[in-house]
$ cat my_file.cif   # mmCIF, C-alpha atoms
data_data
loop_
_atom_site.label_atom_id
_atom_site.label_comp_id
_atom_site.auth_asym_id
_atom_site.auth_seq_id
_atom_site.Cartn_x
_atom_site.Cartn_y
_atom_site.Cartn_z
CA ILE A 324 36.01 -107.84 99.60
CA THR A 325 34.11 -104.66 98.80
CA GLN A 326 35.96 -102.59 96.24
CA MET A 327 35.59 -98.88 95.63
CA ILE A 328 37.21 -96.36 93.33
CA PHE A 329 37.10 -92.66 94.10
CA ILE A 330 38.41 -90.95 91.00
CA ASN A 331 37.55 -87.38 91.95
CA PHE A 332 34.82 -87.40 94.58
CA GLY A 333 33.86 -83.77 94.91
CA THR A 334 35.71 -80.50 95.02
CA LYS A 335 37.57 -80.79 98.30
CA ARG A 336 40.93 -79.08 97.87
CA LEU A 337 43.89 -81.21 98.89
CA ILE A 338 45.81 -78.33 100.43
CA VAL A 339 46.05 -79.25 104.09
CA PHE A 340 48.18 -82.35 103.72
CA ILE A 341 50.43 -80.74 101.11
CA PHE A 342 50.92 -77.67 103.29
CA PHE A 343 51.88 -79.60 106.39
CA ILE A 344 54.39 -81.87 104.68
CA THR A 345 56.15 -79.07 102.82
CA THR A 346 56.22 -76.22 105.33
CA LEU A 347 58.31 -75.62 108.45
CA LEU A 348 56.52 -73.43 110.95
CA PHE A 349 58.16 -70.56 112.81
CA SER A 350 56.70 -67.82 115.00
CA CYS A 351 56.88 -64.12 114.20
CA SER A 352 55.09 -60.84 114.84
CA ASN A 353 51.35 -60.38 114.24
CA ASP A 354 51.00 -56.68 113.44
CA ASP A 355 47.97 -55.94 111.26
CA VAL A 356 48.54 -54.68 107.73
CA GLN A 357 46.56 -51.56 106.79
CA GLU A 358 43.02 -52.45 105.79
CA THR A 359 40.26 -50.29 104.36
CA GLU A 360 39.30 -47.81 107.08
CA ASN A 361 35.55 -48.28 106.71
CA ILE A 362 34.83 -51.93 106.06
CA GLN A 363 31.50 -52.51 104.36
CA ASP A 364 28.80 -54.38 106.24
CA LEU A 365 29.42 -58.01 105.37
CA ASN A 366 29.00 -61.49 106.75
CA LEU A 367 31.36 -64.25 105.74
CA THR A 368 31.51 -67.96 106.55
CA ILE A 369 34.58 -70.08 105.85
CA ILE A 370 35.16 -73.82 106.21
CA GLY A 371 38.66 -75.12 106.76
CA GLU A 372 40.79 -77.65 108.55
CA ASP A 373 44.06 -78.48 110.21
CA LEU A 374 45.65 -81.91 110.48
CA GLN A 375 43.04 -83.09 113.00
CA ASP A 376 39.73 -81.27 112.66
CA VAL A 377 37.30 -79.35 110.47
CA TYR A 378 36.27 -75.80 111.42
CA GLN A 379 33.67 -73.15 110.65
CA TYR A 380 34.65 -69.51 110.92
CA ASN A 381 32.10 -66.66 110.91
CA PHE A 382 33.02 -63.01 110.42
CA GLU A 383 30.59 -60.11 110.94
CA SER A 384 32.28 -56.88 109.95
CA LEU A 385 29.66 -54.49 111.38
CA ASN A 386 30.54 -55.36 114.97
CA ASN A 387 33.88 -56.97 114.13
CA ILE A 388 32.70 -60.29 115.55
CA GLU A 389 34.66 -63.44 114.80
CA THR A 390 33.57 -66.91 115.89
CA GLN A 391 35.14 -70.29 115.30
CA ILE A 392 33.29 -73.62 115.61
CA ASN A 393 34.91 -77.04 115.69
CA LEU A 394 32.75 -78.95 113.21
CA SER A 395 34.50 -82.22 113.98
CA SER A 396 33.14 -82.00 117.52
CA GLU A 397 29.75 -80.61 116.49
CA LEU A 398 29.06 -82.88 113.52
CA GLY A 399 31.28 -85.86 114.22
CA ILE A 400 33.15 -85.51 110.93
CA GLN A 401 36.85 -85.99 110.31
CA ASN A 402 39.15 -83.93 108.11
CA ASN A 403 39.39 -86.81 105.65
CA TYR A 404 35.78 -86.29 104.54
CA LEU A 405 35.30 -86.79 100.82
CA THR A 406 33.69 -83.56 99.75
CA LEU A 407 31.58 -80.60 100.82
CA ARG A 408 28.51 -79.43 98.93
CA GLU A 409 26.36 -76.34 99.39
CA PHE A 410 22.63 -76.14 98.80
CA GLU A 411 20.43 -73.19 99.78
CA GLY A 412 22.23 -72.32 103.00
CA SER A 413 23.00 -75.88 104.06
CA LEU A 414 26.35 -77.63 104.04
CA SER A 415 26.58 -81.34 103.25
CA PHE A 416 29.70 -83.28 104.25
CA TYR A 417 30.21 -86.64 102.52
CA SER A 418 32.30 -89.26 104.33
CA PHE A 419 33.27 -92.85 103.62
CA SER A 420 33.93 -95.58 106.18
CA ASN A 421 33.21 -99.25 106.65
CA GLY A 422 32.13 -99.65 103.07
CA ALA A 423 29.40 -96.99 103.15
CA ILE A 424 28.79 -93.32 102.43
CA SER A 425 27.56 -91.11 105.27
CA LEU A 426 26.15 -87.62 104.89
CA THR A 427 26.05 -84.94 107.59
CA GLN A 428 24.23 -81.67 106.96
CA LYS A 429 24.22 -78.35 108.79
CA ASN A 430 21.83 -75.50 108.11
CA LEU A 431 23.88 -72.34 108.59
CA ALA A 432 20.87 -70.15 109.35
CA THR A 433 19.19 -72.35 111.96
CA GLY A 434 22.11 -74.48 113.11
CA ARG A 435 20.01 -77.61 112.54
CA ILE A 436 22.08 -80.76 112.07
CA THR A 437 20.83 -83.76 110.11
CA SER A 438 22.78 -87.00 109.79
CA PHE A 439 22.39 -89.90 107.41
CA PRO A 440 24.94 -92.44 108.71
CA ASP A 441 25.90 -95.22 106.30
CA PHE A 442 22.96 -94.30 104.09
CA TYR A 443 24.50 -95.72 100.93
CA THR A 444 26.38 -99.01 101.05
CA ILE A 445 29.04 -99.37 98.41
CA SER A 446 28.47 -102.20 95.99
CA ALA A 447 31.23 -104.11 94.25
CA GLU A 448 29.25 -103.44 91.08
CA ARG A 449 29.89 -99.68 91.09
CA SER A 450 32.76 -97.18 91.18
CA LEU A 451 31.73 -93.80 92.56
CA VAL A 452 33.19 -90.62 91.08
CA TRP A 453 31.19 -87.83 92.72
CA GLY A 454 28.10 -87.05 94.77
CA ILE A 455 25.91 -83.96 94.98
CA ASN A 456 22.53 -83.29 96.56
CA ASP A 457 19.48 -81.08 96.92
CA GLU A 458 16.98 -81.18 99.80
CA ASN A 459 15.32 -84.38 98.55
CA SER A 460 17.94 -86.66 97.06
CA VAL A 461 21.59 -87.45 96.49
CA TYR A 462 22.89 -87.85 92.95
CA PHE A 463 25.92 -90.06 92.38
CA GLY A 464 27.98 -90.05 89.22
CA LEU A 465 29.47 -93.52 88.88
CA TYR A 466 30.78 -96.23 86.60
CA LYS A 467 28.82 -99.46 86.37
CA PRO A 468 29.80 -102.26 86.43
CA LEU A 469 33.02 -102.00 88.42
CA GLY A 470 36.04 -101.92 86.13
CA SER A 471 34.11 -100.33 83.26
CA THR A 472 33.69 -96.66 82.35
CA ASN A 473 29.99 -96.94 81.61
CA LEU A 474 28.55 -93.71 82.97
CA THR A 475 25.52 -94.07 85.24
CA LEU A 476 23.57 -91.62 87.39
CA ARG A 477 22.36 -93.07 90.70
CA VAL A 478 19.55 -91.18 92.48
CA VAL A 479 18.93 -91.95 96.18
CA SER A 480 15.99 -90.40 98.05
CA PHE A 481 16.44 -89.06 101.60
CA THR A 482 12.88 -90.09 102.40
CA ASP A 483 13.17 -93.86 102.07
CA MET A 484 16.84 -94.30 101.08
CA GLN A 485 15.68 -96.09 97.95
CA GLY A 486 17.32 -95.37 94.63
CA PHE A 487 17.36 -95.99 90.93
CA ASP A 488 19.95 -95.91 88.14
CA ILE A 489 19.91 -94.06 84.83
CA SER A 490 22.40 -95.28 82.25
CA LEU A 491 23.94 -92.31 80.45
CA GLU A 492 26.70 -93.52 78.13
CA PHE A 493 28.96 -96.53 77.65
CA GLY A 494 32.75 -96.38 77.71
CA ILE A 495 33.44 -92.72 78.46
CA SER A 496 36.96 -91.33 78.86
CA SER A 497 36.49 -88.76 81.66
CA LEU A 498 33.77 -87.53 84.00
CA PHE A 499 34.01 -83.98 85.36
CA GLU A 500 32.55 -82.16 88.35
CA PRO A 501 28.75 -81.70 88.41
CA LEU A 502 26.69 -78.58 89.02
CA TYR A 503 23.20 -78.40 90.53
CA ASP A 504 20.98 -75.39 89.96
CA ASN A 505 17.24 -74.81 90.18
CA GLY A 506 16.22 -78.44 89.79
CA ASN A 507 18.73 -79.22 87.06
CA LEU A 508 21.84 -81.37 87.40
CA PHE A 509 24.54 -80.57 84.83
CA ILE A 510 26.85 -83.46 83.95
CA THR A 511 29.93 -82.98 81.76
CA TYR A 512 32.01 -85.80 80.32
CA LEU A 513 34.35 -86.83 77.53
CA THR A 514 33.12 -89.73 75.44
CA GLY A 515 35.19 -92.72 74.39
CA SER A 516 35.63 -91.08 70.99
CA GLU A 517 37.04 -87.96 72.72
CA ASN A 518 34.01 -85.73 72.18
CA TYR A 519 32.63 -83.49 74.91
CA LYS A 520 29.02 -83.67 76.09
CA LEU A 521 26.98 -81.76 78.65
CA LEU A 522 23.80 -83.42 79.91
CA VAL A 523 21.01 -81.72 81.84
CA TYR A 524 19.08 -84.01 84.19
CA ASN A 525 15.86 -82.48 85.55
CA VAL A 526 15.11 -83.83 89.01
CA ASN A 527 11.35 -83.25 88.74
CA ALA A 528 11.00 -84.91 85.34
CA LYS A 529 13.50 -87.59 86.41
CA ALA A 530 14.90 -87.50 82.91
CA ILE A 531 17.61 -86.03 80.71
CA VAL A 532 15.98 -82.94 79.22
CA LYS A 533 18.90 -81.65 77.16
CA THR A 534 22.10 -83.01 75.62
CA PHE A 535 24.71 -80.55 74.39
CA GLU A 536 27.35 -81.96 72.03
CA PHE A 537 30.52 -79.90 71.64
CA GLY A 538 32.78 -82.22 69.67
CA LYS A 539 36.44 -81.50 70.38
CA GLU A 540 35.72 -78.11 71.99
CA LYS A 541 35.97 -78.35 75.77
CA PRO A 542 32.88 -76.84 77.49
CA SER A 543 33.10 -74.82 80.69
CA PHE A 544 30.01 -73.25 82.18
CA LEU A 545 28.29 -71.39 84.99
CA ILE A 546 24.87 -70.00 85.88
CA THR A 547 24.57 -66.22 85.53
CA ASP A 548 22.96 -63.81 87.97
CA LEU A 549 19.85 -63.94 85.74
CA GLY A 550 19.73 -67.73 85.87
CA ASP A 551 20.90 -68.32 82.30
CA LEU A 552 23.36 -71.07 81.40
CA ALA A 553 26.63 -69.54 80.17
CA VAL A 554 28.94 -71.85 78.21
CA PHE A 555 32.54 -71.12 77.18
CA THR A 556 34.33 -73.20 74.52
CA GLN A 557 37.62 -72.86 72.69
CA ASP A 558 38.28 -73.72 69.06
CA VAL A 559 41.53 -75.06 67.58
CA SER A 560 42.84 -71.49 67.24
CA ASN A 561 42.25 -70.84 70.97
CA ASN A 562 39.44 -68.39 70.26
CA THR A 563 36.92 -68.45 73.10
CA LYS A 564 33.21 -68.63 72.28
CA PHE A 565 30.69 -67.39 74.82
CA GLU A 566 27.08 -68.54 74.51
CA LEU A 567 24.02 -67.99 76.70
CA PHE A 568 21.15 -70.47 76.93
CA ASP A 569 17.64 -70.10 78.32
CA PRO A 570 17.41 -71.97 81.67
CA PHE A 571 14.08 -73.60 80.77
CA SER A 572 14.15 -74.39 77.05
CA PHE A 573 17.97 -74.41 76.82
CA LEU A 574 17.67 -72.65 73.47
CA SER A 575 20.49 -70.31 72.55
CA ILE A 576 19.92 -66.67 73.56
CA SER A 577 23.12 -65.14 72.23
CA ASN A 578 26.68 -66.04 71.27
CA SER A 579 29.86 -64.11 70.69
CA MET A 580 33.64 -64.45 70.63
CA LEU A 581 35.50 -63.09 73.62
CA PRO A 582 38.19 -60.48 72.90
CA ILE A 583 40.79 -62.57 74.73
CA PRO A 584 41.35 -66.32 74.90
CA LEU A 585 40.21 -67.82 78.19
CA SER A 586 40.81 -71.47 78.92
CA PHE A 587 38.82 -72.98 81.78
CA PRO A 588 38.73 -76.59 82.99
CA ALA A 589 35.91 -78.71 81.62
CA GLY A 590 32.76 -78.49 83.71
CA PRO A 591 31.70 -75.77 86.19
CA ILE A 592 33.80 -72.61 86.32
CA ASN A 593 35.11 -71.04 89.51
CA GLY A 594 33.54 -67.72 88.61
CA SER A 595 30.39 -65.63 88.30
CA ILE A 596 28.63 -63.45 85.76
CA VAL A 597 27.00 -60.47 87.46
CA LYS A 598 25.59 -57.50 85.55
CA GLU A 599 27.30 -58.67 82.34
CA LYS A 600 30.73 -58.93 83.91
CA LEU A 601 32.63 -62.21 84.24
CA TYR A 602 34.51 -62.56 87.53
CA TYR A 603 37.04 -65.39 87.36
CA GLN A 604 40.53 -66.63 88.21
CA TYR A 605 43.04 -65.57 85.56
CA VAL A 606 45.68 -68.23 84.88
CA ASN A 607 49.15 -66.68 84.67
CA THR A 608 51.66 -67.78 82.07
CA GLN A 609 54.25 -69.88 83.87
CA PRO A 610 56.77 -69.42 85.33
CA PHE A 611 55.12 -66.79 87.52
CA GLU A 612 55.01 -66.05 91.24
CA ILE A 613 51.46 -67.37 91.55
CA GLU A 614 49.46 -69.76 89.38
CA ASN A 615 46.32 -67.64 89.10
CA GLY A 616 44.64 -64.58 90.51
CA PRO A 617 41.42 -62.55 90.49
CA ALA A 618 40.24 -60.86 87.32
CA PHE A 619 37.05 -59.61 85.72
CA LEU A 620 36.00 -59.15 82.11
CA ASP A 621 33.37 -56.69 80.91
CA LEU A 622 31.40 -58.78 78.42
CA ASN A 623 30.16 -55.66 76.62
CA SER A 624 33.27 -53.51 76.29
CA GLY A 625 35.79 -56.35 76.31
CA ASP A 626 37.88 -54.68 79.01
CA ASN A 627 39.74 -57.27 81.08
CA THR A 628 41.06 -56.25 84.50
CA ILE A 629 43.66 -58.40 86.27
CA LEU A 630 44.25 -57.45 89.88
CA ASP A 631 47.85 -57.09 91.05
CA ILE A 632 47.53 -59.72 93.72
CA VAL A 633 51.28 -60.37 93.75
CA GLY A 634 51.93 -56.74 94.66
CA LEU A 635 49.29 -56.86 97.37
CA ILE A 636 50.64 -60.08 98.88
CA ASN A 637 54.19 -58.74 98.81
CA LYS A 638 53.04 -55.62 100.66
CA VAL A 639 51.29 -57.71 103.30
CA ASN A 640 54.38 -59.89 103.70
CA ASN A 641 56.70 -56.88 104.00
CA ASP A 642 54.44 -54.96 106.40
CA GLU A 643 53.90 -57.90 108.73
CA GLY A 644 57.11 -59.87 108.33
CA ILE A 645 55.20 -62.96 107.27
CA LEU A 646 55.23 -65.25 104.24
CA ILE A 647 51.83 -65.82 102.65
CA ARG A 648 51.32 -68.60 100.14
CA PRO A 649 48.00 -68.16 98.30
CA LEU A 650 45.95 -71.35 98.03
CA PHE A 651 42.86 -70.48 96.01
CA GLY A 652 40.65 -67.54 95.14
CA GLN A 653 36.95 -67.00 94.64
CA TYR A 654 34.64 -64.12 93.76
CA LEU A 655 31.89 -63.61 96.34
CA SER A 656 29.01 -61.96 94.50
CA ASP A 657 26.93 -61.15 97.58
CA ILE A 658 29.65 -58.84 98.94
CA ASN A 659 31.27 -57.94 95.57
CA LEU A 660 34.76 -58.87 96.73
CA PHE A 661 37.41 -61.41 95.83
CA ALA A 662 38.37 -63.81 98.62
CA ILE A 663 41.82 -65.40 98.70
CA SER A 664 42.76 -68.26 101.00
CA TYR A 665 46.36 -68.57 102.13
CA ALA A 666 48.78 -70.61 104.18
CA LEU A 667 51.37 -68.98 106.43
CA GLN A 668 54.74 -70.49 105.67
CA ASN A 669 56.11 -68.90 108.83
CA ALA A 670 53.25 -69.44 111.25
CA VAL A 671 52.13 -66.69 113.61
CA GLY A 672 51.86 -68.62 116.87
CA GLU A 673 48.98 -71.04 116.41
CA GLU A 674 47.81 -69.26 113.26
CA ILE A 675 48.72 -71.30 110.19
CA GLY A 676 46.56 -69.72 107.48
CA GLY A 677 44.02 -67.05 106.75
CA PHE A 678 42.19 -65.09 104.10
CA LEU A 679 42.20 -61.78 102.26
CA LEU A 680 39.18 -59.89 100.98
CA VAL A 681 40.14 -57.69 98.05
CA SER A 682 38.10 -54.98 96.33
CA LEU A 683 37.69 -54.75 92.56
CA ASP A 684 40.27 -51.97 92.44
CA GLY A 685 42.82 -54.24 94.12
CA ASN A 686 42.75 -52.75 97.61
CA LEU A 687 42.87 -54.84 100.76
CA VAL A 688 39.53 -54.76 102.58
CA VAL A 689 40.04 -57.44 105.24
CA LYS A 690 42.92 -59.70 106.27
CA ARG A 691 42.62 -62.27 109.00
CA ASN A 692 44.97 -64.99 110.17
CA LEU A 693 43.32 -68.22 111.30
CA LYS A 694 44.26 -71.32 113.25
CA PHE A 695 43.42 -73.53 110.27
CA LEU A 696 43.66 -73.50 106.49
CA PRO A 697 40.54 -72.24 104.68
CA THR A 698 39.34 -74.74 102.09
CA HIS A 699 35.89 -73.36 101.24
CA PHE A 700 34.22 -69.95 101.13
CA VAL A 701 30.47 -70.24 101.64
CA GLU A 702 28.55 -68.39 98.93
#

$ encode --input "my_file.cif" --output "C-alpha cells"
Amino acid sequence: ITQMIFINFGTKRLIVFIFFITTLLFSCSNDDVQETENIQDLNLTIIGEDLQDVYQYNFESLNNIETQINLSSELGIQNNYLTLREFEGSLSFYSFSNGAISLTQKNLATGRITSFPDFYTISAERSLVWGINDENSVYFGLYKPLGSTNLTLRVVSFTDMQGFDISLEFGISSLFEPLYDNGNLFITYLTGSENYKLLVYNVNAKAIVKTFEFGKEKPSFLITDLGDLAVFTQDVSNNTKFELFDPFSFLSISNSMLPIPLSFPAGPINGSIVKEKLYYQYVNTQPFEIENGPAFLDLNSGDNTILDIVGLINKVNNDEGILIRPLFGQYLSDINLFAISYALQNAVGEEIGGFLLVSLDGNLVVKRNLKFLPTHFVE
C-alpha cells in the first residue's frame, strides 16, 4: 500500500470547510457601503472557492468590469487541491490522487493552460511536506526515508520528468514554508537540536550556496522591493533584529533593532518592504475582536501605524446590515492597498464572501461581495 504524509503541503488556507460547518446562512439587503468616490486605476485577480469548485475573479476598476471564471471547469481541478503557487504571472495548482501528484498551470496574461497529470508518483520511501516551482522544475521538500525526519530536497524537471535528491539534514524537528525568488529557493527548518537554519538553494548552480544559522532565534524573512533578503529574528528579551543581506553574495548589508517587538512565524512573512517601509499583518493581543490586521512600520523613523480595521468592518456591517468575518489580509504593493478577505456570516443571496481594499489611511476603497470565499490574492 502506498503511504503518504502531507504535513503542511503549501499555503492553502483551510477557511472554506471551517466557514461552511460553523456558519448558518441567511439572506439580507445588499446596499453598497460608501466607497472612495474616485477609485484609482487598478486590476485585481482573486482565487477562491466554495464547497464544490475553485474560481478566478478579475476586477478592473477603470471600467468597473468584474468577471468570474470557474477554474474547476476550465482546469479540471477540485477544491481539495493541495496548494497554489505563483510564479511570474502563472498559477500552479498542485493536486493529489491515485498515488500521484498532478500539476495544472494557468498563465494569467495569455490564458494558456498547461497540465502535468500524475507527473510525480508517490513512493513509499518519501513523505512530502511541500512543493514549489519555477518555469523549469518542481522542488519538493520531503522526509526520506518514510517515517524519518531526514530532510531532503527533490528536484523534478518539467522537460523529462526526471529528478534527483539532495540530502539536507538528518533528524530535523520542523520544516517550514519555502520561498522562491530570482533563482534561489529559501528553505527554513528547525534542527533536531532545536536550532533554526535557513538554506539557500540556487537552481542554476544546483547546490546550496548559503547556510544561515540562527541558533534559538526564530528567523522570518522576505525579499524587499530592491531584491535584498530581509531577515527578522527575536532574542530572549523579545527584541526584534532586522538585517538586510545582499541577494547575490548574501553578505550582511545592514542590521538594526526595531523600535517595537514583532513576532512573525518562522519562514516567509506575509508582508512587503517597499521604499523602506514594512507592510505586514499586526497580531493583536488576545482577546480581541480580530486576530490580526493591516499595519506598516517606517524602518527609518520607527513610526508604526495600525489601521483601525475593526472600526471599518463595524461601519460596513452597520451600513449594510451584514456580518463580515475577516479571513486574512495582505498588502498588495502594485496598487499600494491592503486587501482583506472575508466571509459573510449572514449571506447576501448567493454571495457568501468578498473582499475589502483599504487605503493606508484606513479608508475603504473597494468592497465587493462574491459568490465564493477568497483564499488567495494574486500579486

$ residues_around --input "my_file.cif" --residues "stretch 519-526 of chain A" --least-positions-apart "6" --cutoff "8 Å" --atoms "all atoms listed in the file" --output "ChimeraX atom specification"
/A:506-513,532-542

$ write_last_selection --input "my_file.cif" --atoms "C-alpha atoms" --output "compact mmCIF listing (two decimals), in the frame of the given file"
# COMPACT_ATOMS: atom_id res chain seq x y z
CA GLY A 506 16.22 -78.44 89.79
CA ASN A 507 18.73 -79.22 87.06
CA LEU A 508 21.84 -81.37 87.40
CA PHE A 509 24.54 -80.57 84.83
CA ILE A 510 26.85 -83.46 83.95
CA THR A 511 29.93 -82.98 81.76
CA TYR A 512 32.01 -85.80 80.32
CA LEU A 513 34.35 -86.83 77.53
CA VAL A 532 15.98 -82.94 79.22
CA LYS A 533 18.90 -81.65 77.16
CA THR A 534 22.10 -83.01 75.62
CA PHE A 535 24.71 -80.55 74.39
CA GLU A 536 27.35 -81.96 72.03
CA PHE A 537 30.52 -79.90 71.64
CA GLY A 538 32.78 -82.22 69.67
CA LYS A 539 36.44 -81.50 70.38
CA GLU A 540 35.72 -78.11 71.99
CA LYS A 541 35.97 -78.35 75.77
CA PRO A 542 32.88 -76.84 77.49

$ resolve_selection --input "my_file.cif" --expression "the PyMOL selection byres ((chain A and resi 487-499) around 8)" --output "list of chain:residue names"
A:Val452, A:Ser471, A:Thr472, A:Asn473, A:Leu474, A:Thr475, A:Leu476, A:Arg477, A:Val478, A:Val479, A:Gln485, A:Gly486, A:Glu500, A:Pro501, A:Ile510, A:Thr511, A:Tyr512, A:Leu513, A:Thr514, A:Gly515, A:Ser516, A:Glu517, A:Ala589, A:Gly590

$ resolve_selection --input "my_file.cif" --expression "the PyMOL selection byres ((chain A and resi 402-413) around 10)" --output "count of residues only"
54

$ atom_distance --input "my_file.cif" --atom1 "atom CA of A:Asn387" --atom2 "atom CA of A:Leu630"
26.4 Å

$ resolve_selection --input "my_file.cif" --expression "the PyMOL selection byres ((chain A and resi 544-556) around 6)" --output "count of residues only"
17

$ atom_distance --input "my_file.cif" --atom1 "atom CA of A:Met580" --atom2 "atom CA of A:Tyr603"
17.1 Å

$ build_atoms --input "my_file.cif" --residues "stretch 391-399 of chain A" --atoms "all heavy atoms" --output "PDB file, in the coordinates of the input"
ATOM      1  N   GLN A 391      34.595 -69.067 115.889  1.00  0.00           N
ATOM      2  CA  GLN A 391      35.140 -70.290 115.300  1.00  0.00           C
ATOM      3  C   GLN A 391      34.460 -71.494 115.956  1.00  0.00           C
ATOM      4  O   GLN A 391      34.349 -71.562 117.180  1.00  0.00           O
ATOM      5  CB  GLN A 391      36.648 -70.370 115.490  1.00  0.00           C
ATOM      6  CG  GLN A 391      37.278 -71.621 114.903  1.00  0.00           C
ATOM      7  CD  GLN A 391      38.787 -71.604 115.008  1.00  0.00           C
ATOM      8  OE1 GLN A 391      39.451 -70.667 114.561  1.00  0.00           O
ATOM      9  NE2 GLN A 391      39.362 -72.641 115.612  1.00  0.00           N
ATOM     10  N   ILE A 392      33.993 -72.426 115.133  1.00  0.00           N
ATOM     11  CA  ILE A 392      33.290 -73.620 115.610  1.00  0.00           C
ATOM     12  C   ILE A 392      34.056 -74.854 115.149  1.00  0.00           C
ATOM     13  O   ILE A 392      34.440 -74.945 113.969  1.00  0.00           O
ATOM     14  CB  ILE A 392      31.854 -73.668 115.064  1.00  0.00           C
ATOM     15  CG1 ILE A 392      31.085 -72.422 115.498  1.00  0.00           C
ATOM     16  CG2 ILE A 392      31.134 -74.934 115.520  1.00  0.00           C
ATOM     17  CD1 ILE A 392      29.750 -72.255 114.788  1.00  0.00           C
ATOM     18  N   ASN A 393      34.286 -75.776 116.047  1.00  0.00           N
ATOM     19  CA  ASN A 393      34.910 -77.040 115.690  1.00  0.00           C
ATOM     20  C   ASN A 393      33.829 -77.971 115.152  1.00  0.00           C
ATOM     21  O   ASN A 393      33.036 -78.530 115.909  1.00  0.00           O
ATOM     22  CB  ASN A 393      35.609 -77.664 116.902  1.00  0.00           C
ATOM     23  CG  ASN A 393      36.425 -78.895 116.525  1.00  0.00           C
ATOM     24  OD1 ASN A 393      35.980 -79.761 115.779  1.00  0.00           O
ATOM     25  ND2 ASN A 393      37.639 -78.980 117.064  1.00  0.00           N
ATOM     26  N   LEU A 394      33.779 -78.118 113.833  1.00  0.00           N
ATOM     27  CA  LEU A 394      32.750 -78.950 113.210  1.00  0.00           C
ATOM     28  C   LEU A 394      32.995 -80.441 113.444  1.00  0.00           C
ATOM     29  O   LEU A 394      32.047 -81.231 113.399  1.00  0.00           O
ATOM     30  CB  LEU A 394      32.673 -78.665 111.717  1.00  0.00           C
ATOM     31  CG  LEU A 394      32.150 -77.277 111.322  1.00  0.00           C
ATOM     32  CD1 LEU A 394      32.146 -77.124 109.811  1.00  0.00           C
ATOM     33  CD2 LEU A 394      30.754 -77.045 111.888  1.00  0.00           C
ATOM     34  N   SER A 395      34.232 -80.810 113.680  1.00  0.00           N
ATOM     35  CA  SER A 395      34.500 -82.220 113.980  1.00  0.00           C
ATOM     36  C   SER A 395      33.804 -82.624 115.273  1.00  0.00           C
ATOM     37  O   SER A 395      33.230 -83.707 115.377  1.00  0.00           O
ATOM     38  CB  SER A 395      36.004 -82.469 114.077  1.00  0.00           C
ATOM     39  OG  SER A 395      36.621 -82.330 112.812  1.00  0.00           O
ATOM     40  N   SER A 396      33.835 -81.724 116.258  1.00  0.00           N
ATOM     41  CA  SER A 396      33.140 -82.000 117.520  1.00  0.00           C
ATOM     42  C   SER A 396      31.632 -81.878 117.356  1.00  0.00           C
ATOM     43  O   SER A 396      30.865 -82.692 117.887  1.00  0.00           O
ATOM     44  CB  SER A 396      33.618 -81.032 118.607  1.00  0.00           C
ATOM     45  OG  SER A 396      35.004 -81.175 118.846  1.00  0.00           O
ATOM     46  N   GLU A 397      31.184 -80.870 116.616  1.00  0.00           N
ATOM     47  CA  GLU A 397      29.750 -80.610 116.490  1.00  0.00           C
ATOM     48  C   GLU A 397      29.050 -81.629 115.604  1.00  0.00           C
ATOM     49  O   GLU A 397      27.937 -82.073 115.899  1.00  0.00           O
ATOM     50  CB  GLU A 397      29.536 -79.206 115.926  1.00  0.00           C
ATOM     51  CG  GLU A 397      28.076 -78.801 115.836  1.00  0.00           C
ATOM     52  CD  GLU A 397      27.913 -77.418 115.236  1.00  0.00           C
ATOM     53  OE1 GLU A 397      28.441 -77.173 114.132  1.00  0.00           O
ATOM     54  OE2 GLU A 397      27.236 -76.579 115.860  1.00  0.00           O
ATOM     55  N   LEU A 398      29.703 -82.014 114.507  1.00  0.00           N
ATOM     56  CA  LEU A 398      29.060 -82.880 113.520  1.00  0.00           C
ATOM     57  C   LEU A 398      29.579 -84.313 113.540  1.00  0.00           C
ATOM     58  O   LEU A 398      28.990 -85.193 112.903  1.00  0.00           O
ATOM     59  CB  LEU A 398      29.243 -82.313 112.112  1.00  0.00           C
ATOM     60  CG  LEU A 398      28.789 -80.874 111.866  1.00  0.00           C
ATOM     61  CD1 LEU A 398      29.029 -80.492 110.420  1.00  0.00           C
ATOM     62  CD2 LEU A 398      27.324 -80.696 112.236  1.00  0.00           C
ATOM     63  N   GLY A 399      30.697 -84.524 114.210  1.00  0.00           N
ATOM     64  CA  GLY A 399      31.280 -85.860 114.220  1.00  0.00           C
ATOM     65  C   GLY A 399      31.943 -86.240 112.916  1.00  0.00           C
ATOM     66  O   GLY A 399      32.006 -87.418 112.554  1.00  0.00           O
TER      67      GLY A 399
END
